[in-house]
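**Q** Pasting a structure below so you can have a look.
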Amino acid sequence: MAVISYREALRAAMRDELKRDDKVVIMGEEVAQFNGAYKVTEGLLKEFGPKRVVDTPISEAGFIGLGIGASMLGIRPVMELMFWSFSYVAFDQIVNNAGNIRYMSGGLINCPIVIRGPGNGGTNVGATHSHTPEAILASHPGIKVVCPATPYDAKGLLKAAIRDNDPVYVMENTILYNDKGEVPDEDYIVPLGVADVKRVGTDLTIVAHGRAVITSLKAAEILEQEHGVSVEVVDLRSIRPLDEETILASVRKTHRALLVEENKPFCGVDAQVAYLIQSRAFDELDAPIHRVSSIDAPQIYCKRMEDQQLPDVNRVVREALKVLA
Amino acid sequence: MAEIIDMPKLSDTMSVGTLVKWNIQEGQVVAFGDILGEIETDKATMELSCTVPGTILKLYAAAGAQLPVGAPICAIGKKGEAAPSPVAAPAPAPKAPPTAVPAIPEKVDVSCIPAAPASAGTVAPQSDASRTKASPYAKRMAEKAALNVAALTGSGPGGRVVARDVSAAAAAPAAAAPSGPLKVAVAPPADGKGIQPDADVPVGGMRQTIARRLLESKLTVPHFYLEVEVDAAPLLAMRESLNKRLADSGADAVKLSVNDFILKASAEALRRVPAVNASWAGTSIRAHGAVHLSFGVALEDGLVTPVIRDAHAKTLKDIAVEAKALIGKARAKKLTPAEMSGSTFTVTNLGMYGVTGFYGIINVPNAAILSVGATIKKPVVDAQDRLVIGQRMVIGLAGDHRVVDGANAAQFLQALKQLLEEPTLMLI
């Protein structure tokens, strides 16, 4: 199995799907001639030509609307947002049109669009470029949202997203783009709505998604080495559909849960997960559920403070010990 | 910012600690590793070392106070900083009786007390202080194990009963009988007064643990009892000759006790009948590969059961040396929790008090406990049907019938009897 980066895994997914299905097109700012703002689409223009890999104007509302219209007519566009923060100017298209058309057309029209790009903080790009909108978008019925944490999941989830007949929004993380991992060359998908137990343990369940999974795995290692605690790490992978059973099965085993995410805490994904656990596994809980999220403030520009704002390994270890008290 | 130091949890079963003494006072500067004071747990007295350097802002508890795990005991911060008021310090779990030194009372945060409602009809719900806090999972476990949550001492934050408290209660080790003589005070002449003042004497952590675990063992483990009488003469002869040789070998020579022989023989007998070296694990029986031998050591205010690890792989001399060291530590209350946990079998001995035979309460999760009586001279019929003077020792075994049956327990006693009557077998 090849060891490739998260960025290369995303590119491999798009290349595979461009080859497999001539309805697949790539669109976005700088995706073609400039090879992508983060070089995710590097080489695709050369390989597939300007009809399949299309540069768009700097107008998210416009080009996302273009993609949604095209998808209603049978094209399968994979749209790149330079940052998910920029989705906010295209919100009407992303939520109202893409999310509701199947319902409002009585099932006659579907919208197989994929919108992908980085949705993360931690890179010192300021409050307006660091949003993590997975919770906001996932709160809309009709929309699917995934957050891969590893190269394997990045490729498998993006391929599954492209083949899905509903809008699927893929939130990547620029800090993970260079992370390497084993990724099969052959065709595979990671089904939407299936969480993954990234580490097996018995004393505490950590539920995380995106880069918080990587942080949690490091924290789990420290908890094992220094505190003799066996931690299970559940990677949600899909925010919606949410794999409730995998979360509940883990909590039923460990009886204690810590939820980690890089979102802001208010109405975050883990607010939903905490509700799920207490409503369906209340009698399994041996301690209150705790959460570790970004500190609740606009994304801090100062790099050193922003590093503190995001959940780090120390904070996860500290909070885990509180849950284990 | 000031940090509050809480009563630490120093053993798996600790729920309450007694602050034996402070080495520091308010205003004193402390560094990492400084010994702030001593804390008595249910098992040992341990030093509390400093993990936060700074100035001692406040001592929340006085020496002698009994506090639940998690209760604030002191605050460390910058010099001149105000000491934080601890939020809702949990009530001491076993209510301290009037004779105990109480914790220094803290200011009550009046902002937490709901004001009387202005309009009639709405009454602010009052938190019932007598309610036992327990996690949902602990409640469910207790229900399954038919235990009363309210009777348990919670080790979780704020005294919450959590799963580990229920498991500990459901699988509580019984204590064992002491080994080694105790000084018995000579009774003063009767002077018309009672033998002692009428009083409710507060109990420490160790006594509480003994009470809880022994009760749980008797209530949850189906004990059965077997007894065998052993000819102790060969053992006593061998002991005498070995001790003579050992004494010749130097000043720091090891002296073997009868109990050391019994410990060694028990480990060997378990090797031969490993079914007894096991534990009941709910839906399965856990077989233990190693023999971790626990033995009772009497203390003035209770008893502890230190553990000789891997006793199956140790020589008689190793066992004697280790037992002696553990007894010394036990009397000094310096045994660590690790030195008192993980046993697979327990030996108790009341022989030195002249008790001829008895049965211990099983030290859960062990499958059995051995109780050794005194060796006494009595008439015996020997192999040639002659009446002779024998040296006889009665050994009792209490077994957990969920794990062992009469037959394998009897095989174990048979093996033990053979080893004790032909002690040279222990050499091979």
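Naming scheme: A, B, ... for chains in displayed order of the structure tokens; residues 1 onward per chain; ligands 1 onward as shown.
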Which chain B residues have any atom within 10 Å of an atom of chain A, and for each, what is the nearest pair of atoms with distance in Å to one decimal, counting only C-alpha atoms, rows sorted by chain and number, as a tab-separated table?
**A**
```
residue	atom	partner	partner_atom	distance
B:Lys9	CA	A:Ala325	CA	9.3
B:Val69	CA	A:Ala325	CA	9.9
B:Gly70	CA	A:Ala325	CA	9.0
B:Ala134	CA	A:Asp286	CA	8.2
B:Ser135	CA	A:Asp286	CA	4.8
B:Pro136	CA	A:Asp283	CA	4.7
B:Tyr137	CA	A:Glu284	CA	4.6
B:Ala138	CA	A:Asp286	CA	6.3
B:Lys139	CA	A:Asp283	CA	8.0
B:Arg140	CA	A:Asp283	CA	6.7
B:Met141	CA	A:Glu284	CA	9.4
B:Ser155	CA	A:Ala325	CA	8.3
B:Gly156	CA	A:Ala325	CA	5.8
B:Pro157	CA	A:Ala325	CA	6.3
B:Arg160	CA	A:Ala287	CA	9.0
B:Val161	CA	A:Asp286	CA	8.8
B:Val162	CA	A:Asp286	CA	5.8
B:Ala163	CA	A:Asp286	CA	6.2
B:Arg164	CA	A:Asp286	CA	9.2
```
**Q** For the alpha helix (DSSP H) assignment from backbone DSSP, which residues of region 221-262 of chain A qualify? Please present them as number ranges by chain.
**A** A: 221-227, 244-254
**Q** Near Asn408 (chain B), counting only C-alpha atoms, which residues have an atom at most 8 Å away, once you skip same-chain residues fewer than 2 positions from it, shown as a ChimeraX atom specification?
**A** /B:273,275-276,404-406,410-412
**Q** Keeping only N, CA and C atoms, write the selected residues as a short mmCIF file (atom, residue, chain, number, x, y, z; two decimals), in the first residue's frame.
**A**
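Below is the file result.cif, written as the result:
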```
data_model
loop_
_atom_site.label_atom_id
_atom_site.label_comp_id
_atom_site.auth_asym_id
_atom_site.auth_seq_id
_atom_site.Cartn_x
_atom_site.Cartn_y
_atom_site.Cartn_z
N VAL B 273 -2.24 -27.90 42.74
CA VAL B 273 -3.70 -27.84 42.55
C VAL B 273 -4.06 -26.40 42.14
N ALA B 275 -6.29 -25.07 40.50
CA ALA B 275 -7.70 -24.65 40.47
C ALA B 275 -8.02 -23.70 41.63
N VAL B 276 -7.24 -23.81 42.72
CA VAL B 276 -7.51 -22.96 43.88
C VAL B 276 -6.92 -21.56 43.68
N VAL B 404 -14.23 -23.04 43.55
CA VAL B 404 -13.70 -24.37 43.86
C VAL B 404 -14.78 -25.20 44.54
N ASP B 405 -14.66 -26.50 44.36
CA ASP B 405 -15.58 -27.41 45.01
C ASP B 405 -14.85 -28.13 46.12
N GLY B 406 -15.62 -28.88 46.91
CA GLY B 406 -15.04 -29.63 48.02
C GLY B 406 -13.88 -30.50 47.58
N ALA B 410 -10.14 -30.09 48.80
CA ALA B 410 -9.58 -31.19 49.60
C ALA B 410 -8.24 -31.66 49.03
N GLN B 411 -8.17 -31.70 47.68
CA GLN B 411 -6.90 -32.08 47.04
C GLN B 411 -5.80 -31.09 47.41
N PHE B 412 -6.19 -29.82 47.46
CA PHE B 412 -5.22 -28.79 47.83
C PHE B 412 -4.72 -29.03 49.27
#
```
**Q** Within 8 Å of region 74-77 of chain A, counting only C-alpha atoms, which residues qualify if same-chain residues fewer than 5 places away don't, as number ranges by chain?
**A** A: 23-27, 67-68, 112-114, 162
**Q** As a ChimeraX atom specification, please: the residues near Asp165 (chain B) (cut-off 10 Å, only C-alpha atoms, same-chain neighbours under 5 positions excluded).
**A** /B:12-15,134,138,142,149,152-156,160,170-172
**Q** Taking 6 positions as the minimum chain separation for residues in the same chain, which residues sit within 12 Å of region 215-218 of chain A when counting only C-alpha atoms? Answer as a ChimeraX atom specification.
**A** /A:149-150,175-176,197-201,204-209,224-225,230-235,258-262,292-293,310-320
**Q** Kindly save the residues from that selection, with N, CA and C atoms included, as a compact mmCIF listing (two decimals), in the first residue's frame.
**A**
```
# COMPACT_ATOMS: atom_id res chain seq x y z
N ALA A 149 -10.00 12.69 8.86
CA ALA A 149 -8.85 12.98 9.72
C ALA A 149 -7.57 12.37 9.18
N THR A 150 -7.68 11.38 8.30
CA THR A 150 -6.49 10.67 7.83
C THR A 150 -6.50 10.60 6.30
N ILE A 175 -3.89 21.90 8.03
CA ILE A 175 -2.78 21.41 8.87
C ILE A 175 -2.55 19.92 8.63
N LEU A 176 -3.58 19.24 8.13
CA LEU A 176 -3.43 17.80 7.87
C LEU A 176 -2.93 17.51 6.46
N VAL A 197 -13.47 3.33 14.85
CA VAL A 197 -12.76 3.29 16.14
C VAL A 197 -11.27 3.30 15.81
N LYS A 198 -10.63 4.45 16.04
CA LYS A 198 -9.23 4.60 15.64
C LYS A 198 -8.29 4.00 16.68
N ARG A 199 -8.78 3.81 17.89
CA ARG A 199 -7.96 3.19 18.93
C ARG A 199 -8.94 2.49 19.87
N VAL A 200 -8.60 1.27 20.23
CA VAL A 200 -9.50 0.50 21.09
C VAL A 200 -9.08 0.66 22.54
N GLY A 201 -10.04 0.87 23.42
CA GLY A 201 -9.73 1.03 24.84
C GLY A 201 -10.91 0.63 25.70
N LEU A 204 -12.23 4.85 28.84
CA LEU A 204 -12.79 6.15 28.47
C LEU A 204 -12.98 6.18 26.95
N THR A 205 -14.10 6.75 26.53
CA THR A 205 -14.33 6.95 25.10
C THR A 205 -14.06 8.42 24.77
N ILE A 206 -13.19 8.66 23.80
CA ILE A 206 -13.06 10.01 23.26
C ILE A 206 -13.72 10.00 21.89
N VAL A 207 -14.67 10.89 21.70
CA VAL A 207 -15.30 11.04 20.39
C VAL A 207 -14.74 12.31 19.78
N ALA A 208 -14.27 12.21 18.54
CA ALA A 208 -13.65 13.38 17.90
C ALA A 208 -13.91 13.30 16.40
N HIS A 209 -13.64 14.41 15.73
CA HIS A 209 -13.67 14.38 14.27
C HIS A 209 -12.62 15.36 13.74
N GLU A 224 -2.31 6.52 28.38
CA GLU A 224 -1.93 5.12 28.57
C GLU A 224 -0.57 5.01 29.26
N GLN A 225 0.39 5.78 28.72
CA GLN A 225 1.77 5.68 29.21
C GLN A 225 1.92 6.24 30.62
N SER A 230 -6.80 3.21 29.67
CA SER A 230 -7.02 2.68 28.34
C SER A 230 -8.14 3.46 27.65
N VAL A 231 -7.77 4.21 26.62
CA VAL A 231 -8.72 5.13 25.98
C VAL A 231 -9.13 4.62 24.61
N GLU A 232 -10.41 4.68 24.33
CA GLU A 232 -10.92 4.35 23.00
C GLU A 232 -11.18 5.67 22.27
N VAL A 233 -10.71 5.76 21.03
CA VAL A 233 -10.93 6.98 20.25
C VAL A 233 -11.85 6.65 19.08
N VAL A 234 -13.03 7.28 19.09
CA VAL A 234 -13.99 7.09 18.01
C VAL A 234 -13.92 8.31 17.10
N ASP A 235 -13.59 8.05 15.82
CA ASP A 235 -13.54 9.12 14.82
C ASP A 235 -14.89 9.13 14.10
N LEU A 258 -15.55 11.62 26.72
CA LEU A 258 -15.00 12.96 26.52
C LEU A 258 -15.16 13.26 25.04
N LEU A 259 -15.69 14.44 24.73
CA LEU A 259 -15.94 14.80 23.34
C LEU A 259 -14.99 15.93 22.95
N VAL A 260 -14.26 15.72 21.87
CA VAL A 260 -13.24 16.70 21.48
C VAL A 260 -13.52 17.19 20.06
N GLU A 261 -13.56 18.50 19.88
CA GLU A 261 -13.73 19.05 18.53
C GLU A 261 -13.05 20.42 18.45
N GLU A 262 -12.70 20.81 17.22
CA GLU A 262 -12.05 22.11 17.03
C GLU A 262 -13.08 23.20 16.77
N VAL A 292 -14.13 19.10 25.11
CA VAL A 292 -13.00 20.00 24.86
C VAL A 292 -13.25 20.58 23.48
N SER A 293 -13.37 21.89 23.39
CA SER A 293 -13.60 22.54 22.10
C SER A 293 -12.65 23.71 21.99
N LEU A 310 -7.25 26.44 20.30
CA LEU A 310 -7.65 25.13 19.80
C LEU A 310 -7.36 24.06 20.84
N PRO A 311 -8.12 23.00 20.84
CA PRO A 311 -7.84 21.91 21.78
C PRO A 311 -6.44 21.34 21.49
N ASP A 312 -5.60 21.28 22.52
CA ASP A 312 -4.30 20.64 22.32
C ASP A 312 -4.22 19.39 23.21
N VAL A 313 -3.11 18.68 23.06
CA VAL A 313 -2.98 17.39 23.74
C VAL A 313 -3.10 17.55 25.26
N ASN A 314 -2.46 18.59 25.79
CA ASN A 314 -2.49 18.78 27.25
C ASN A 314 -3.90 18.99 27.76
N ARG A 315 -4.65 19.79 27.01
CA ARG A 315 -6.01 20.10 27.45
C ARG A 315 -6.85 18.82 27.41
N VAL A 316 -6.65 18.02 26.38
CA VAL A 316 -7.43 16.78 26.26
C VAL A 316 -7.06 15.83 27.41
N VAL A 317 -5.75 15.72 27.72
CA VAL A 317 -5.33 14.84 28.81
C VAL A 317 -5.95 15.31 30.13
N ARG A 318 -5.87 16.62 30.36
CA ARG A 318 -6.37 17.18 31.61
C ARG A 318 -7.87 16.91 31.78
N GLU A 319 -8.60 17.14 30.70
CA GLU A 319 -10.05 16.96 30.78
C GLU A 319 -10.40 15.48 30.89
N ALA A 320 -9.61 14.65 30.22
CA ALA A 320 -9.86 13.20 30.32
C ALA A 320 -9.72 12.74 31.77
```
**Q** Which residues are near Lys180 (chain A)? Cut-off 8 Å, only C-alpha atoms, ignore same chain within fewer than 5 positions. Put them as a ChimeraX atom specification.
**A** /A:3-6,150-151
**Q** Just how far from CA of Ala325 (chain B) is CA of Leu419 (chain B), in Å to one decimal?
**A**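 One can read the CA of Leu419 (chain B) to CA of Ala325 (chain B) distance as 25.1 Å.
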**Q** Pick from B:Leu226, B:Val394, B:Thr375, B:Gly159: nearest to Ala407 (chain B), with only C-alpha atoms counted?
**A**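 Closest to Ala407 (chain B), using only C-alpha atoms: B:Leu226.
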**Q** Out of A:Ile115, A:Leu45, A:Cys267, A:Leu223, which residue has the shortest atom-to-atom distance to Asp296 (chain A) when counting only C-alpha atoms?
**A**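 Distance minimum relative to Asp296 (chain A) lands on A:Cys267.
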**Q** Apply DSSP to the structure's backbone, then extract all residues of region 126-337 of chain B labelled strand (DSSP E) and return them as a compact mmCIF listing (two decimals) with all heavy atoms, in the first residue's frame.
**A**
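Writing done, so here's states26.txt:
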```
# COMPACT_ATOMS: atom_id res chain seq x y z
N HIS B 223 -19.18 -19.26 51.21
CA HIS B 223 -18.04 -19.91 51.87
C HIS B 223 -18.36 -21.36 52.18
O HIS B 223 -19.47 -21.69 52.55
CB HIS B 223 -17.76 -19.23 53.22
CG HIS B 223 -17.10 -17.88 53.12
ND1 HIS B 223 -17.68 -16.79 52.52
CD2 HIS B 223 -15.89 -17.44 53.58
CE1 HIS B 223 -16.87 -15.74 52.62
NE2 HIS B 223 -15.78 -16.11 53.25
N PHE B 224 -17.37 -22.23 52.05
CA PHE B 224 -17.49 -23.57 52.65
C PHE B 224 -16.17 -23.86 53.34
O PHE B 224 -15.15 -23.23 53.05
CB PHE B 224 -17.85 -24.64 51.61
CG PHE B 224 -16.74 -24.95 50.65
CD1 PHE B 224 -15.91 -26.05 50.84
CD2 PHE B 224 -16.52 -24.13 49.55
CE1 PHE B 224 -14.89 -26.33 49.95
CE2 PHE B 224 -15.50 -24.41 48.66
CZ PHE B 224 -14.67 -25.50 48.86
N TYR B 225 -16.19 -24.81 54.27
CA TYR B 225 -15.04 -24.95 55.17
C TYR B 225 -14.54 -26.39 55.22
O TYR B 225 -15.32 -27.33 55.30
CB TYR B 225 -15.45 -24.49 56.58
CG TYR B 225 -16.04 -23.10 56.58
CD1 TYR B 225 -17.42 -22.90 56.57
CD2 TYR B 225 -15.21 -21.98 56.55
CE1 TYR B 225 -17.95 -21.63 56.54
CE2 TYR B 225 -15.75 -20.70 56.53
CZ TYR B 225 -17.12 -20.52 56.52
OH TYR B 225 -17.65 -19.26 56.49
N LEU B 226 -13.22 -26.55 55.18
CA LEU B 226 -12.59 -27.87 55.32
C LEU B 226 -11.47 -27.75 56.35
O LEU B 226 -10.91 -26.68 56.55
CB LEU B 226 -11.97 -28.32 53.99
CG LEU B 226 -12.86 -28.45 52.76
CD1 LEU B 226 -12.03 -28.89 51.57
CD2 LEU B 226 -13.98 -29.43 53.02
N GLU B 227 -11.16 -28.87 56.95
CA GLU B 227 -10.13 -28.82 57.98
C GLU B 227 -9.28 -30.07 57.89
O GLU B 227 -9.78 -31.15 57.57
CB GLU B 227 -10.83 -28.77 59.35
CG GLU B 227 -9.88 -28.57 60.50
CD GLU B 227 -10.65 -28.61 61.82
OE1 GLU B 227 -11.27 -27.60 62.17
OE2 GLU B 227 -10.63 -29.67 62.46
N VAL B 228 -8.00 -29.92 58.17
CA VAL B 228 -7.12 -31.08 58.16
C VAL B 228 -6.12 -30.92 59.30
O VAL B 228 -5.75 -29.80 59.66
CB VAL B 228 -6.43 -31.20 56.77
CG1 VAL B 228 -5.41 -30.13 56.56
CG2 VAL B 228 -5.82 -32.57 56.58
N GLU B 229 -5.74 -32.06 59.90
CA GLU B 229 -4.76 -31.99 60.97
C GLU B 229 -3.43 -32.49 60.43
O GLU B 229 -3.37 -33.51 59.74
CB GLU B 229 -5.21 -32.84 62.15
CG GLU B 229 -4.39 -32.57 63.40
CD GLU B 229 -4.94 -33.32 64.62
OE1 GLU B 229 -6.00 -32.93 65.12
OE2 GLU B 229 -4.29 -34.29 65.05
N VAL B 230 -2.37 -31.77 60.73
CA VAL B 230 -1.06 -32.04 60.13
C VAL B 230 -0.08 -32.43 61.24
O VAL B 230 -0.10 -31.85 62.33
CB VAL B 230 -0.56 -30.77 59.41
CG1 VAL B 230 0.87 -30.93 58.95
CG2 VAL B 230 -1.47 -30.43 58.24
N ASP B 231 0.76 -33.41 60.91
CA ASP B 231 1.85 -33.75 61.82
C ASP B 231 2.96 -32.72 61.61
O ASP B 231 3.63 -32.70 60.57
CB ASP B 231 2.35 -35.16 61.49
CG ASP B 231 3.56 -35.53 62.34
OD1 ASP B 231 3.90 -34.77 63.27
OD2 ASP B 231 4.18 -36.58 62.05
N ALA B 278 -7.36 -19.03 41.71
CA ALA B 278 -8.29 -18.52 40.70
C ALA B 278 -9.24 -17.52 41.36
O ALA B 278 -9.24 -17.35 42.57
CB ALA B 278 -9.07 -19.69 40.09
N SER B 279 -10.03 -16.85 40.51
CA SER B 279 -11.00 -15.87 41.03
C SER B 279 -12.31 -15.98 40.29
O SER B 279 -12.33 -16.27 39.08
CB SER B 279 -10.49 -14.44 40.81
OG SER B 279 -9.32 -14.21 41.52
N TRP B 280 -13.37 -15.69 40.98
CA TRP B 280 -14.68 -15.59 40.34
C TRP B 280 -14.76 -14.26 39.61
O TRP B 280 -14.49 -13.22 40.20
CB TRP B 280 -15.78 -15.68 41.41
CG TRP B 280 -17.15 -15.61 40.81
CD1 TRP B 280 -18.04 -14.59 40.93
CD2 TRP B 280 -17.77 -16.60 39.99
NE1 TRP B 280 -19.18 -14.89 40.24
CE2 TRP B 280 -19.05 -16.12 39.64
CE3 TRP B 280 -17.38 -17.84 39.50
CZ2 TRP B 280 -19.93 -16.83 38.84
CZ3 TRP B 280 -18.26 -18.55 38.69
CH2 TRP B 280 -19.52 -18.05 38.38
N ILE B 285 -14.37 -17.90 35.30
CA ILE B 285 -13.42 -18.09 36.40
C ILE B 285 -12.05 -17.71 35.87
O ILE B 285 -11.62 -18.20 34.82
CB ILE B 285 -13.43 -19.55 36.89
CG1 ILE B 285 -14.75 -19.81 37.63
CG2 ILE B 285 -12.24 -19.81 37.81
CD1 ILE B 285 -14.96 -21.24 38.02
N ARG B 286 -11.41 -16.79 36.55
CA ARG B 286 -10.11 -16.31 36.10
C ARG B 286 -9.02 -17.16 36.75
O ARG B 286 -8.86 -17.14 37.97
CB ARG B 286 -9.94 -14.84 36.45
CG ARG B 286 -8.73 -14.19 35.83
CD ARG B 286 -8.82 -12.68 35.89
NE ARG B 286 -9.97 -12.19 35.14
CZ ARG B 286 -10.78 -11.22 35.55
NH1 ARG B 286 -10.56 -10.62 36.70
NH2 ARG B 286 -11.81 -10.83 34.83
N ALA B 287 -8.28 -17.91 35.93
CA ALA B 287 -7.17 -18.70 36.46
C ALA B 287 -5.94 -17.80 36.51
O ALA B 287 -5.67 -17.06 35.57
CB ALA B 287 -6.91 -19.89 35.53
N LEU B 293 0.95 -14.21 47.06
CA LEU B 293 0.52 -14.72 48.35
C LEU B 293 0.35 -13.58 49.33
O LEU B 293 1.27 -12.84 49.62
CB LEU B 293 1.61 -15.68 48.84
CG LEU B 293 1.21 -16.86 49.68
CD1 LEU B 293 0.07 -17.64 49.03
CD2 LEU B 293 2.42 -17.78 49.85
N SER B 294 -0.86 -13.48 49.84
CA SER B 294 -1.15 -12.43 50.81
C SER B 294 -1.17 -13.05 52.20
O SER B 294 -1.55 -14.22 52.35
CB SER B 294 -2.52 -11.87 50.42
OG SER B 294 -3.06 -11.14 51.45
N PHE B 295 -0.74 -12.30 53.19
CA PHE B 295 -0.83 -12.82 54.56
C PHE B 295 -1.20 -11.70 55.52
O PHE B 295 -0.88 -10.54 55.30
CB PHE B 295 0.49 -13.51 54.98
CG PHE B 295 1.69 -12.61 54.97
CD1 PHE B 295 2.18 -12.06 56.15
CD2 PHE B 295 2.34 -12.28 53.78
CE1 PHE B 295 3.29 -11.22 56.15
CE2 PHE B 295 3.44 -11.45 53.77
CZ PHE B 295 3.92 -10.91 54.94
N VAL B 297 -1.32 -9.27 58.65
CA VAL B 297 -0.43 -8.72 59.66
C VAL B 297 -1.29 -7.87 60.60
O VAL B 297 -1.95 -6.93 60.17
CB VAL B 297 0.65 -7.81 59.03
CG1 VAL B 297 1.55 -7.22 60.11
CG2 VAL B 297 1.49 -8.59 58.03
N ALA B 298 -1.29 -8.26 61.88
CA ALA B 298 -2.11 -7.53 62.84
C ALA B 298 -1.44 -6.22 63.21
O ALA B 298 -0.23 -6.16 63.39
CB ALA B 298 -2.32 -8.37 64.08
N LEU B 299 -2.24 -5.17 63.29
CA LEU B 299 -1.75 -3.89 63.77
C LEU B 299 -2.59 -3.53 64.99
O LEU B 299 -3.60 -4.17 65.27
CB LEU B 299 -1.92 -2.82 62.68
CG LEU B 299 -1.28 -3.15 61.34
CD1 LEU B 299 -1.66 -2.10 60.31
CD2 LEU B 299 0.23 -3.23 61.48
N GLY B 302 -6.07 -2.58 63.67
CA GLY B 302 -6.68 -3.31 62.56
C GLY B 302 -5.70 -4.32 62.01
O GLY B 302 -4.87 -4.86 62.74
N LEU B 303 -5.82 -4.59 60.74
CA LEU B 303 -4.86 -5.48 60.13
C LEU B 303 -4.74 -5.17 58.65
O LEU B 303 -5.65 -4.57 58.07
CB LEU B 303 -5.27 -6.94 60.31
CG LEU B 303 -6.44 -7.42 59.47
CD1 LEU B 303 -6.07 -8.71 58.78
CD2 LEU B 303 -7.64 -7.64 60.37
N VAL B 304 -3.61 -5.56 58.09
CA VAL B 304 -3.41 -5.37 56.66
C VAL B 304 -2.92 -6.69 56.07
O VAL B 304 -2.50 -7.59 56.80
CB VAL B 304 -2.37 -4.25 56.37
CG1 VAL B 304 -2.96 -2.89 56.68
CG2 VAL B 304 -1.09 -4.49 57.13
N VAL B 307 1.34 -8.46 50.21
CA VAL B 307 1.37 -9.52 49.20
C VAL B 307 2.80 -9.84 48.80
O VAL B 307 3.58 -8.95 48.47
CB VAL B 307 0.57 -9.08 47.94
CG1 VAL B 307 0.60 -10.17 46.89
CG2 VAL B 307 -0.86 -8.72 48.32
N ILE B 308 3.13 -11.13 48.84
CA ILE B 308 4.42 -11.59 48.29
C ILE B 308 4.15 -12.00 46.85
O ILE B 308 3.43 -12.97 46.60
CB ILE B 308 4.97 -12.78 49.09
CG1 ILE B 308 5.24 -12.35 50.52
CG2 ILE B 308 6.24 -13.33 48.44
CD1 ILE B 308 5.64 -13.49 51.44
```
**Q** Using only C-alpha atoms for the distances, tell me which of A:Glu60, A:Phe34, A:Phe48, A:Ser85 is nearest to Val125 (chain A).
**A**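 Smallest separation from Val125 (chain A) among the options: A:Ser85.
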**Q** Could you work out how far CA of Asp21 (chain A) lies from CA of Arg163 (chain A), giving the answer in Å with one decimal?
**A** 9.3 Å
